[in-house]
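Trainee: Once you've had a glance at the structure underneath, I'll fire off some questions.
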Amino acid sequence: MSNQHRAMKRSTGTNILIYLLAVVMFLIIIFPFYWIVCTSFKETLDIYVVPPELFPRHFNLTNYLLAFSRYGVLRYFLNSLKVTLTTVVVTTFIANLAAFAMTRMDFVGAKMLRKFLGLTQMFPVVVLLVPLFVFCTRVHLYNTLQSLILPYIALQLPVSIILQSGYYKDVPDALEEASRLDGCSSLQVLFYIFLPLVVPGIVATGVYTFIQVWQEFLIASSLITDSSAFTLTVGLTTFKGDEMTDWGALMATSVIIAIPALILFNLSQEFFINRIAGSVKE
């Protein structure tokens with residue numbers, strides 16, 4: 001057997017092993033999501049069957065109906081939607097203005113500001129809980145949706161500015177110089193020249209902010225104790241009682257939480273693909 005044949009055989013065996021490991025890792029990662037969806041369609045007694053069943057005996061929507069009728073998931077959903085959409089809109093708008101100013105306008109302290117934004121990402125959110133609690137209590141925002149919106153905007157702004165700055169840096173200087181020669185002001189340059197070119201960055205930043213805020217639990221559970229202002233993630237805690245946990249309704253709500261993020265991610269993915277395809281055609 002030649003050395004070349006042995007090398008090819010060894011390479012084939014290595015590739016098979018890599019593929020098998022990839023499949024195993026995929027199953028390990030995807031199984032918890034499958035189990036959540038599967039359990040959400042099971043009847044209450046079937047959830048506690050030993051050994052656990054990988055497939056529900058009968059598919060039914062009882063758990064989803066209970067989540068809305070008994071646990072008020074619709075109210076939690078609307079609260080999460082208000083908080084998340086407000087945060088996304090405000091954060092994206094401010095981040096675009098800040099990113100444009102930091103990358104395309106020469107002003108004193110721009111470099112220091114960029115370094116400061118990077119430093120803010122070194123601190124975990126948990127160290128901010130006490131200051132946030134004190135602040136919200138003193139300004140009478142505790143137990144309101146505003147007590148979540150303001151911290152979320154403050155926490156997401158540095159990341160959004162950093163993400164947006166990369167897109168603004170990639171815009172050719174010649175476009176800005178030509179618009180300046182035509183007499184455009186800074187705002188006109190931003191809205192007519194830059195914004196159409198950084199739409200992918202705006203979408204990417206918005207999607208990232210949406211997912212981060214939509215699934216946030218630590219701040220929401222610390223600043224909201226009134227059930228009427230619960231978000232979806234905090235609302236999950238209401239499914240646990242003193243004697244038992246309603247796992248069926250809890251899993252159904254978990255699926256409901258995941259659906260908007262999945263839809264938004266898929267839509268944005270198609271947007272990026274279509275935009276790249278359009279650029280290639282042009």
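Chain identifiers are assigned as A, B, and so on, following the order in which chains appear in the structure tokens; residues are numbered from 1 within each chain, and ligands are numbered from 1 in order of appearance.
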Just list the residues in stretch 19-228 of chain A DSSP gives helix (DSSP H, G or I) on the backbone, as a CSV table (one decimal) with N, CA and C atoms, in the first residue's frame.
Mentor:
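And here is the file that came out, result_37.csv:
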```csv
chain,number,residue,atom,x,y,z
A,19,TYR,N,-17.4,14.3,11.2
A,19,TYR,CA,-18.8,14.4,10.9
A,19,TYR,C,-19.7,13.8,12.0
A,20,LEU,N,-19.2,12.6,12.5
A,20,LEU,CA,-19.9,12.0,13.6
A,20,LEU,C,-20.0,12.8,14.9
A,21,LEU,N,-18.8,13.4,15.2
A,21,LEU,CA,-18.8,14.3,16.4
A,21,LEU,C,-19.7,15.5,16.1
A,22,ALA,N,-19.7,16.1,14.9
A,22,ALA,CA,-20.6,17.2,14.6
A,22,ALA,C,-22.1,16.8,14.8
A,23,VAL,N,-22.5,15.6,14.3
A,23,VAL,CA,-23.8,15.2,14.5
A,23,VAL,C,-24.2,15.0,15.9
A,24,VAL,N,-23.3,14.4,16.7
A,24,VAL,CA,-23.5,14.2,18.2
A,24,VAL,C,-23.7,15.6,18.9
A,25,MET,N,-22.8,16.5,18.5
A,25,MET,CA,-22.9,17.9,19.1
A,25,MET,C,-24.2,18.5,18.7
A,26,PHE,N,-24.6,18.4,17.5
A,26,PHE,CA,-25.9,19.0,17.0
A,26,PHE,C,-27.1,18.4,17.8
A,27,LEU,N,-27.1,17.1,18.0
A,27,LEU,CA,-28.2,16.5,18.7
A,27,LEU,C,-28.2,16.9,20.2
A,28,ILE,N,-27.0,17.1,20.8
A,28,ILE,CA,-26.9,17.5,22.2
A,28,ILE,C,-27.5,18.9,22.3
A,29,ILE,N,-27.2,19.8,21.3
A,29,ILE,CA,-27.6,21.2,21.4
A,29,ILE,C,-29.1,21.3,21.1
A,30,ILE,N,-29.6,20.5,20.1
A,30,ILE,CA,-31.0,20.7,19.6
A,30,ILE,C,-31.9,19.9,20.5
A,31,PHE,N,-31.5,18.9,21.3
A,31,PHE,CA,-32.4,18.1,22.0
A,31,PHE,C,-33.2,18.9,23.1
A,32,PRO,N,-32.6,19.8,23.8
A,32,PRO,CA,-33.4,20.6,24.8
A,32,PRO,C,-34.5,21.4,24.1
A,33,PHE,N,-34.3,21.9,23.0
A,33,PHE,CA,-35.3,22.7,22.3
A,33,PHE,C,-36.4,21.7,21.8
A,34,TYR,N,-36.0,20.6,21.3
A,34,TYR,CA,-37.0,19.6,20.9
A,34,TYR,C,-37.9,19.2,22.1
A,35,TRP,N,-37.2,18.9,23.3
A,35,TRP,CA,-38.0,18.5,24.5
A,35,TRP,C,-38.9,19.5,24.9
A,36,ILE,N,-38.6,20.8,24.9
A,36,ILE,CA,-39.5,21.9,25.3
A,36,ILE,C,-40.7,21.9,24.4
A,37,VAL,N,-40.5,21.8,23.1
A,37,VAL,CA,-41.7,21.8,22.1
A,37,VAL,C,-42.5,20.5,22.3
A,38,CYS,N,-41.9,19.4,22.5
A,38,CYS,CA,-42.6,18.1,22.6
A,38,CYS,C,-43.4,18.2,23.9
A,39,THR,N,-42.9,18.6,25.0
A,39,THR,CA,-43.6,18.7,26.3
A,39,THR,C,-44.7,19.6,26.2
A,40,SER,N,-44.6,20.7,25.5
A,40,SER,CA,-45.7,21.7,25.4
A,40,SER,C,-47.0,21.1,24.8
A,44,THR,N,-51.0,16.6,30.8
A,44,THR,CA,-50.3,16.7,32.1
A,44,THR,C,-49.8,15.3,32.6
A,45,LEU,N,-50.6,14.3,32.6
A,45,LEU,CA,-50.2,13.0,33.1
A,45,LEU,C,-49.0,12.4,32.3
A,46,ASP,N,-49.0,12.7,30.9
A,46,ASP,CA,-48.0,12.1,30.1
A,46,ASP,C,-46.6,12.8,30.4
A,47,ILE,N,-46.6,14.0,30.9
A,47,ILE,CA,-45.3,14.6,31.2
A,47,ILE,C,-44.6,13.9,32.3
A,62,THR,N,-53.9,22.2,24.8
A,62,THR,CA,-54.4,22.6,26.1
A,62,THR,C,-53.4,23.5,26.9
A,63,ASN,N,-52.1,23.1,26.8
A,63,ASN,CA,-51.1,23.9,27.6
A,63,ASN,C,-51.0,25.3,27.1
A,64,TYR,N,-51.2,25.5,25.8
A,64,TYR,CA,-51.1,26.9,25.2
A,64,TYR,C,-52.4,27.7,25.7
A,65,LEU,N,-53.5,27.0,25.7
A,65,LEU,CA,-54.8,27.7,26.1
A,65,LEU,C,-54.7,28.0,27.6
A,66,LEU,N,-54.2,27.1,28.4
A,66,LEU,CA,-54.0,27.4,29.8
A,66,LEU,C,-53.1,28.6,30.1
A,67,ALA,N,-52.0,28.6,29.3
A,67,ALA,CA,-51.0,29.7,29.4
A,67,ALA,C,-51.7,31.1,29.3
A,68,PHE,N,-52.6,31.2,28.3
A,68,PHE,CA,-53.3,32.4,28.1
A,68,PHE,C,-54.4,32.7,29.0
A,69,SER,N,-55.2,31.6,29.3
A,69,SER,CA,-56.4,31.8,30.1
A,69,SER,C,-56.1,31.9,31.6
A,73,VAL,N,-50.6,35.0,30.0
A,73,VAL,CA,-49.4,35.2,29.1
A,73,VAL,C,-49.6,36.3,28.1
A,74,LEU,N,-50.8,36.6,27.7
A,74,LEU,CA,-51.0,37.6,26.7
A,74,LEU,C,-50.5,39.0,27.3
A,75,ARG,N,-50.9,39.2,28.6
A,75,ARG,CA,-50.4,40.5,29.2
A,75,ARG,C,-48.9,40.5,29.3
A,76,TYR,N,-48.3,39.4,29.6
A,76,TYR,CA,-46.8,39.4,29.7
A,76,TYR,C,-46.2,39.6,28.3
A,77,PHE,N,-46.8,39.0,27.3
A,77,PHE,CA,-46.4,39.2,25.9
A,77,PHE,C,-46.4,40.6,25.5
A,78,LEU,N,-47.5,41.3,25.8
A,78,LEU,CA,-47.7,42.7,25.4
A,78,LEU,C,-46.7,43.6,26.1
A,79,ASN,N,-46.4,43.3,27.4
A,79,ASN,CA,-45.4,44.0,28.2
A,79,ASN,C,-44.0,43.9,27.6
A,80,SER,N,-43.7,42.6,27.2
A,80,SER,CA,-42.4,42.4,26.6
A,80,SER,C,-42.3,43.1,25.3
A,81,LEU,N,-43.4,43.1,24.5
A,81,LEU,CA,-43.3,43.7,23.2
A,81,LEU,C,-43.1,45.2,23.3
A,82,LYS,N,-43.8,45.8,24.3
A,82,LYS,CA,-43.7,47.3,24.5
A,82,LYS,C,-42.3,47.6,24.9
A,83,VAL,N,-41.7,46.9,25.8
A,83,VAL,CA,-40.4,47.2,26.3
A,83,VAL,C,-39.4,47.0,25.2
A,84,THR,N,-39.5,45.9,24.5
A,84,THR,CA,-38.5,45.5,23.5
A,84,THR,C,-38.5,46.5,22.3
A,85,LEU,N,-39.7,46.7,21.8
A,85,LEU,CA,-39.8,47.6,20.6
A,85,LEU,C,-39.3,49.0,20.9
A,86,THR,N,-39.7,49.5,22.1
A,86,THR,CA,-39.3,50.9,22.5
A,86,THR,C,-37.8,50.9,22.6
A,87,THR,N,-37.2,49.9,23.2
A,87,THR,CA,-35.7,49.9,23.4
A,87,THR,C,-35.0,49.8,22.0
A,88,VAL,N,-35.5,49.0,21.2
A,88,VAL,CA,-34.9,48.8,19.8
A,88,VAL,C,-34.9,50.1,19.0
A,89,VAL,N,-36.1,50.8,19.0
A,89,VAL,CA,-36.3,52.0,18.2
A,89,VAL,C,-35.4,53.1,18.8
A,90,VAL,N,-35.4,53.3,20.1
A,90,VAL,CA,-34.7,54.4,20.7
A,90,VAL,C,-33.2,54.1,20.6
A,91,THR,N,-32.8,52.9,20.9
A,91,THR,CA,-31.3,52.6,20.9
A,91,THR,C,-30.8,52.7,19.5
A,92,THR,N,-31.5,52.1,18.5
A,92,THR,CA,-31.0,52.2,17.1
A,92,THR,C,-30.9,53.6,16.6
A,93,PHE,N,-31.8,54.5,16.9
A,93,PHE,CA,-31.8,55.9,16.5
A,93,PHE,C,-30.6,56.6,17.1
A,94,ILE,N,-30.5,56.5,18.4
A,94,ILE,CA,-29.3,57.2,19.1
A,94,ILE,C,-28.0,56.6,18.6
A,95,ALA,N,-27.9,55.3,18.5
A,95,ALA,CA,-26.7,54.7,18.1
A,95,ALA,C,-26.2,55.1,16.7
A,96,ASN,N,-27.2,55.3,15.8
A,96,ASN,CA,-26.8,55.8,14.5
A,96,ASN,C,-26.2,57.2,14.5
A,97,LEU,N,-26.9,58.1,15.3
A,97,LEU,CA,-26.3,59.4,15.4
A,97,LEU,C,-25.0,59.4,16.0
A,98,ALA,N,-24.8,58.6,17.1
A,98,ALA,CA,-23.5,58.6,17.8
A,98,ALA,C,-22.4,58.0,16.9
A,99,ALA,N,-22.8,56.9,16.2
A,99,ALA,CA,-21.8,56.2,15.4
A,99,ALA,C,-21.3,57.1,14.3
A,100,PHE,N,-22.2,57.9,13.7
A,100,PHE,CA,-21.9,58.8,12.6
A,100,PHE,C,-21.0,59.9,13.1
A,101,ALA,N,-21.3,60.4,14.3
A,101,ALA,CA,-20.5,61.5,14.9
A,101,ALA,C,-19.1,61.0,15.3
A,102,MET,N,-19.0,59.8,15.8
A,102,MET,CA,-17.7,59.3,16.3
A,102,MET,C,-16.8,58.9,15.2
A,103,THR,N,-17.3,58.5,14.0
A,103,THR,CA,-16.5,57.9,12.9
A,103,THR,C,-16.3,58.9,11.8
A,104,ARG,N,-17.2,59.9,11.6
A,104,ARG,CA,-17.1,60.8,10.5
A,104,ARG,C,-16.9,62.3,10.8
A,110,ALA,N,-13.1,62.1,20.9
A,110,ALA,CA,-13.7,61.0,20.2
A,110,ALA,C,-13.0,59.7,20.5
A,111,LYS,N,-11.7,59.7,20.5
A,111,LYS,CA,-11.0,58.4,20.8
A,111,LYS,C,-11.2,58.0,22.2
A,112,MET,N,-11.2,58.9,23.1
A,112,MET,CA,-11.5,58.5,24.5
A,112,MET,C,-12.9,58.0,24.7
A,113,LEU,N,-13.8,58.5,24.0
A,113,LEU,CA,-15.2,58.0,24.0
A,113,LEU,C,-15.3,56.6,23.5
A,114,ARG,N,-14.6,56.3,22.4
A,114,ARG,CA,-14.6,55.0,21.9
A,114,ARG,C,-14.0,54.0,22.9
A,115,LYS,N,-12.9,54.4,23.5
A,115,LYS,CA,-12.3,53.5,24.5
A,115,LYS,C,-13.2,53.3,25.7
A,116,PHE,N,-13.9,54.4,26.1
A,116,PHE,CA,-14.9,54.3,27.2
A,116,PHE,C,-16.0,53.3,26.9
A,117,LEU,N,-16.5,53.3,25.7
A,117,LEU,CA,-17.6,52.4,25.3
A,117,LEU,C,-17.1,51.0,25.4
A,118,GLY,N,-15.8,50.7,25.0
A,118,GLY,CA,-15.3,49.4,25.1
A,118,GLY,C,-15.2,48.9,26.6
A,119,LEU,N,-14.8,49.9,27.5
A,119,LEU,CA,-14.6,49.5,28.9
A,119,LEU,C,-15.9,49.2,29.5
A,120,THR,N,-17.0,49.8,29.1
A,120,THR,CA,-18.3,49.5,29.7
A,120,THR,C,-18.7,48.1,29.5
A,125,VAL,N,-23.6,42.7,34.3
A,125,VAL,CA,-24.9,43.4,34.6
A,125,VAL,C,-25.2,43.3,36.1
A,126,VAL,N,-24.8,42.3,36.8
A,126,VAL,CA,-25.2,42.1,38.2
A,126,VAL,C,-24.7,43.2,39.1
A,127,VAL,N,-23.5,43.8,38.7
A,127,VAL,CA,-23.0,44.9,39.6
A,127,VAL,C,-23.8,46.2,39.4
A,128,LEU,N,-24.7,46.2,38.4
A,128,LEU,CA,-25.5,47.4,38.2
A,128,LEU,C,-26.9,47.3,38.9
A,129,LEU,N,-27.2,46.2,39.4
A,129,LEU,CA,-28.6,46.0,39.9
A,129,LEU,C,-28.9,46.9,41.1
A,130,VAL,N,-28.0,47.1,42.0
A,130,VAL,CA,-28.2,47.9,43.2
A,130,VAL,C,-28.4,49.4,42.8
A,131,PRO,N,-27.4,49.9,42.0
A,131,PRO,CA,-27.6,51.3,41.5
A,131,PRO,C,-28.9,51.5,40.7
A,132,LEU,N,-29.2,50.6,39.9
A,132,LEU,CA,-30.5,50.7,39.1
A,132,LEU,C,-31.7,50.7,40.1
A,133,PHE,N,-31.7,49.8,41.1
A,133,PHE,CA,-32.8,49.7,42.0
A,133,PHE,C,-32.9,51.0,42.8
A,134,VAL,N,-31.8,51.6,43.2
A,134,VAL,CA,-31.9,52.8,44.0
A,134,VAL,C,-32.4,54.0,43.1
A,135,PHE,N,-31.9,54.0,41.8
A,135,PHE,CA,-32.3,55.1,40.9
A,135,PHE,C,-33.8,55.0,40.6
A,136,CYS,N,-34.3,53.8,40.3
A,136,CYS,CA,-35.7,53.6,39.9
A,136,CYS,C,-36.6,53.9,41.1
A,137,THR,N,-36.1,53.6,42.3
A,137,THR,CA,-36.9,53.9,43.5
A,137,THR,C,-37.0,55.4,43.8
A,138,ARG,N,-35.9,56.1,43.6
A,138,ARG,CA,-35.9,57.5,43.9
A,138,ARG,C,-36.7,58.3,42.9
A,146,GLN,N,-41.2,51.5,32.5
A,146,GLN,CA,-40.1,52.5,32.2
A,146,GLN,C,-38.9,52.1,33.0
A,147,SER,N,-39.0,51.4,34.1
A,147,SER,CA,-37.9,51.0,34.9
A,147,SER,C,-37.0,50.0,34.2
A,148,LEU,N,-37.6,49.3,33.2
A,148,LEU,CA,-36.9,48.4,32.3
A,148,LEU,C,-36.4,49.1,31.1
A,149,ILE,N,-37.2,49.9,30.5
A,149,ILE,CA,-36.8,50.5,29.2
A,149,ILE,C,-35.5,51.4,29.3
A,150,LEU,N,-35.5,52.2,30.4
A,150,LEU,CA,-34.3,53.1,30.5
A,150,LEU,C,-33.0,52.3,30.8
A,151,PRO,N,-33.0,51.3,31.7
A,151,PRO,CA,-31.7,50.6,31.8
A,151,PRO,C,-31.4,49.8,30.5
A,152,TYR,N,-32.4,49.2,29.9
A,152,TYR,CA,-32.1,48.5,28.6
A,152,TYR,C,-31.4,49.4,27.6
A,153,ILE,N,-32.0,50.6,27.4
A,153,ILE,CA,-31.4,51.5,26.5
A,153,ILE,C,-30.0,51.8,26.8
A,154,ALA,N,-29.7,52.1,28.1
A,154,ALA,CA,-28.4,52.5,28.6
A,154,ALA,C,-27.4,51.3,28.4
A,155,LEU,N,-27.9,50.1,28.6
A,155,LEU,CA,-27.0,48.9,28.5
A,155,LEU,C,-26.7,48.5,27.0
A,156,GLN,N,-27.7,48.7,26.2
A,156,GLN,CA,-27.6,48.3,24.8
A,156,GLN,C,-26.9,49.4,23.9
A,157,LEU,N,-26.9,50.6,24.4
A,157,LEU,CA,-26.3,51.7,23.5
A,157,LEU,C,-24.9,51.5,23.2
A,158,PRO,N,-24.0,51.2,24.2
A,158,PRO,CA,-22.6,51.0,23.9
A,158,PRO,C,-22.3,50.0,22.8
A,159,VAL,N,-23.0,48.8,22.9
A,159,VAL,CA,-22.8,47.7,22.0
A,159,VAL,C,-23.3,48.2,20.6
A,160,SER,N,-24.5,48.8,20.6
A,160,SER,CA,-25.1,49.3,19.3
A,160,SER,C,-24.2,50.3,18.6
A,161,ILE,N,-23.6,51.2,19.4
A,161,ILE,CA,-22.7,52.2,18.8
A,161,ILE,C,-21.5,51.5,18.2
A,162,ILE,N,-20.9,50.6,18.9
A,162,ILE,CA,-19.7,49.9,18.5
A,162,ILE,C,-20.0,49.1,17.2
A,163,LEU,N,-21.2,48.4,17.1
A,163,LEU,CA,-21.6,47.7,15.9
A,163,LEU,C,-21.8,48.6,14.8
A,164,GLN,N,-22.5,49.7,15.0
A,164,GLN,CA,-22.8,50.7,13.9
A,164,GLN,C,-21.6,51.4,13.4
A,165,SER,N,-20.6,51.6,14.3
A,165,SER,CA,-19.4,52.4,13.9
A,165,SER,C,-18.6,51.6,12.8
A,166,GLY,N,-18.6,50.3,12.9
A,166,GLY,CA,-17.9,49.5,11.8
A,166,GLY,C,-18.5,49.7,10.5
A,167,TYR,N,-19.8,49.9,10.4
A,167,TYR,CA,-20.5,50.1,9.1
A,167,TYR,C,-20.2,51.5,8.6
A,168,TYR,N,-20.2,52.5,9.5
A,168,TYR,CA,-20.0,53.9,9.0
A,168,TYR,C,-18.6,54.1,8.5
A,169,LYS,N,-17.6,53.3,9.2
A,169,LYS,CA,-16.2,53.4,8.7
A,169,LYS,C,-16.0,52.9,7.3
A,173,ASP,N,-14.9,57.6,1.8
A,173,ASP,CA,-14.8,59.1,2.1
A,173,ASP,C,-15.2,59.9,0.9
A,174,ALA,N,-15.0,59.4,-0.3
A,174,ALA,CA,-15.3,60.2,-1.5
A,174,ALA,C,-16.8,60.6,-1.6
A,175,LEU,N,-17.7,59.7,-1.1
A,175,LEU,CA,-19.1,60.0,-1.1
A,175,LEU,C,-19.4,61.2,-0.1
A,176,GLU,N,-18.8,61.2,1.0
A,176,GLU,CA,-19.0,62.3,2.0
A,176,GLU,C,-18.4,63.6,1.4
A,177,GLU,N,-17.2,63.5,0.9
A,177,GLU,CA,-16.6,64.7,0.3
A,177,GLU,C,-17.4,65.3,-0.8
A,178,ALA,N,-18.0,64.5,-1.7
A,178,ALA,CA,-18.8,65.0,-2.8
A,178,ALA,C,-20.1,65.7,-2.2
A,179,SER,N,-20.7,65.1,-1.2
A,179,SER,CA,-21.9,65.7,-0.7
A,179,SER,C,-21.6,67.0,0.0
A,180,ARG,N,-20.4,67.0,0.7
A,180,ARG,CA,-20.1,68.3,1.3
A,180,ARG,C,-19.8,69.4,0.3
A,181,LEU,N,-19.2,69.0,-0.8
A,181,LEU,CA,-19.0,70.0,-1.9
A,181,LEU,C,-20.3,70.5,-2.5
A,186,SER,N,-24.3,68.3,7.9
A,186,SER,CA,-24.0,67.0,8.5
A,186,SER,C,-25.2,66.1,8.5
A,187,LEU,N,-26.4,66.6,8.9
A,187,LEU,CA,-27.6,65.8,9.0
A,187,LEU,C,-28.0,65.3,7.6
A,188,GLN,N,-27.9,66.2,6.6
A,188,GLN,CA,-28.2,65.8,5.2
A,188,GLN,C,-27.3,64.6,4.7
A,189,VAL,N,-26.0,64.8,5.1
A,189,VAL,CA,-25.0,63.7,4.7
A,189,VAL,C,-25.4,62.4,5.4
A,190,LEU,N,-25.8,62.5,6.7
A,190,LEU,CA,-26.2,61.3,7.4
A,190,LEU,C,-27.5,60.6,6.8
A,191,PHE,N,-28.5,61.4,6.6
A,191,PHE,CA,-29.8,60.8,6.2
A,191,PHE,C,-29.9,60.5,4.7
A,192,TYR,N,-29.2,61.2,3.9
A,192,TYR,CA,-29.3,61.0,2.4
A,192,TYR,C,-28.1,60.2,1.8
A,193,ILE,N,-27.0,60.2,2.5
A,193,ILE,CA,-25.8,59.4,2.0
A,193,ILE,C,-25.5,58.2,2.8
A,194,PHE,N,-25.4,58.3,4.1
A,194,PHE,CA,-25.0,57.2,4.9
A,194,PHE,C,-26.0,56.2,5.3
A,195,LEU,N,-27.2,56.7,5.7
A,195,LEU,CA,-28.2,55.7,6.2
A,195,LEU,C,-28.6,54.7,5.1
A,196,PRO,N,-28.8,55.1,3.8
A,196,PRO,CA,-29.1,54.1,2.8
A,196,PRO,C,-28.0,53.0,2.7
A,197,LEU,N,-26.8,53.4,3.0
A,197,LEU,CA,-25.7,52.5,2.8
A,197,LEU,C,-25.4,51.6,4.0
A,199,VAL,N,-27.9,50.3,6.0
A,199,VAL,CA,-29.1,49.6,6.3
A,199,VAL,C,-28.8,48.2,6.9
A,200,PRO,N,-27.9,47.4,6.3
A,200,PRO,CA,-27.6,46.1,6.9
A,200,PRO,C,-27.1,46.3,8.4
A,201,GLY,N,-26.4,47.3,8.6
A,201,GLY,CA,-25.9,47.5,10.0
A,201,GLY,C,-27.0,47.9,10.9
A,202,ILE,N,-28.0,48.7,10.4
A,202,ILE,CA,-29.1,49.0,11.3
A,202,ILE,C,-30.0,47.8,11.6
A,203,VAL,N,-30.2,47.0,10.6
A,203,VAL,CA,-31.0,45.7,10.8
A,203,VAL,C,-30.3,44.8,11.7
A,204,ALA,N,-28.9,44.6,11.5
A,204,ALA,CA,-28.2,43.7,12.4
A,204,ALA,C,-28.2,44.2,13.9
A,205,THR,N,-28.0,45.5,14.1
A,205,THR,CA,-28.1,46.1,15.4
A,205,THR,C,-29.5,45.9,16.0
A,206,GLY,N,-30.5,46.2,15.2
A,206,GLY,CA,-31.9,46.1,15.7
A,206,GLY,C,-32.2,44.6,16.1
A,207,VAL,N,-31.8,43.7,15.3
A,207,VAL,CA,-32.0,42.3,15.6
A,207,VAL,C,-31.3,41.9,16.9
A,208,TYR,N,-30.0,42.3,17.0
A,208,TYR,CA,-29.2,41.9,18.2
A,208,TYR,C,-29.9,42.5,19.5
A,209,THR,N,-30.3,43.8,19.4
A,209,THR,CA,-30.9,44.5,20.5
A,209,THR,C,-32.2,43.8,20.9
A,210,PHE,N,-33.0,43.4,19.9
A,210,PHE,CA,-34.3,42.8,20.1
A,210,PHE,C,-34.1,41.5,20.9
A,211,ILE,N,-33.2,40.6,20.4
A,211,ILE,CA,-33.0,39.3,21.1
A,211,ILE,C,-32.5,39.5,22.5
A,212,GLN,N,-31.5,40.4,22.7
A,212,GLN,CA,-31.0,40.7,24.0
A,212,GLN,C,-32.0,41.1,25.0
A,213,VAL,N,-32.9,42.0,24.6
A,213,VAL,CA,-33.9,42.6,25.5
A,213,VAL,C,-35.1,41.6,25.7
A,214,TRP,N,-35.5,40.9,24.6
A,214,TRP,CA,-36.6,40.0,24.7
A,214,TRP,C,-36.4,38.9,25.6
A,218,LEU,N,-32.7,39.0,34.4
A,218,LEU,CA,-32.1,39.4,35.7
A,218,LEU,C,-32.6,40.8,36.1
A,219,ILE,N,-32.5,41.8,35.2
A,219,ILE,CA,-33.0,43.1,35.5
A,219,ILE,C,-34.5,43.2,35.7
A,220,ALA,N,-35.2,42.5,34.8
A,220,ALA,CA,-36.7,42.5,34.9
A,220,ALA,C,-37.2,41.9,36.2
A,221,SER,N,-36.6,40.8,36.6
A,221,SER,CA,-37.0,40.2,37.9
A,221,SER,C,-36.6,41.0,39.1
A,222,SER,N,-35.6,41.9,39.0
A,222,SER,CA,-35.2,42.7,40.1
A,222,SER,C,-36.0,44.0,40.2
A,223,LEU,N,-36.4,44.5,39.1
A,223,LEU,CA,-37.1,45.8,39.2
A,223,LEU,C,-38.6,45.7,39.0
A,227,SER,N,-47.2,41.8,39.2
A,227,SER,CA,-47.5,40.8,38.1
A,227,SER,C,-48.1,41.5,36.9
A,228,SER,N,-48.8,42.6,37.1
A,228,SER,CA,-49.4,43.3,35.9
A,228,SER,C,-48.3,43.9,35.0
```
Trainee: Mind pulling up the distance from atom CA of A:Ala249 to atom CA of A:Pro51?
Mentor: 20.9 Å
Trainee: What is the atom CA of A:Thr144-atom CA of A:Asp226 distance in Å, reported with one decimal?
Mentor: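 We find that atom CA of A:Thr144 and atom CA of A:Asp226 lie 8.4 Å from each other.
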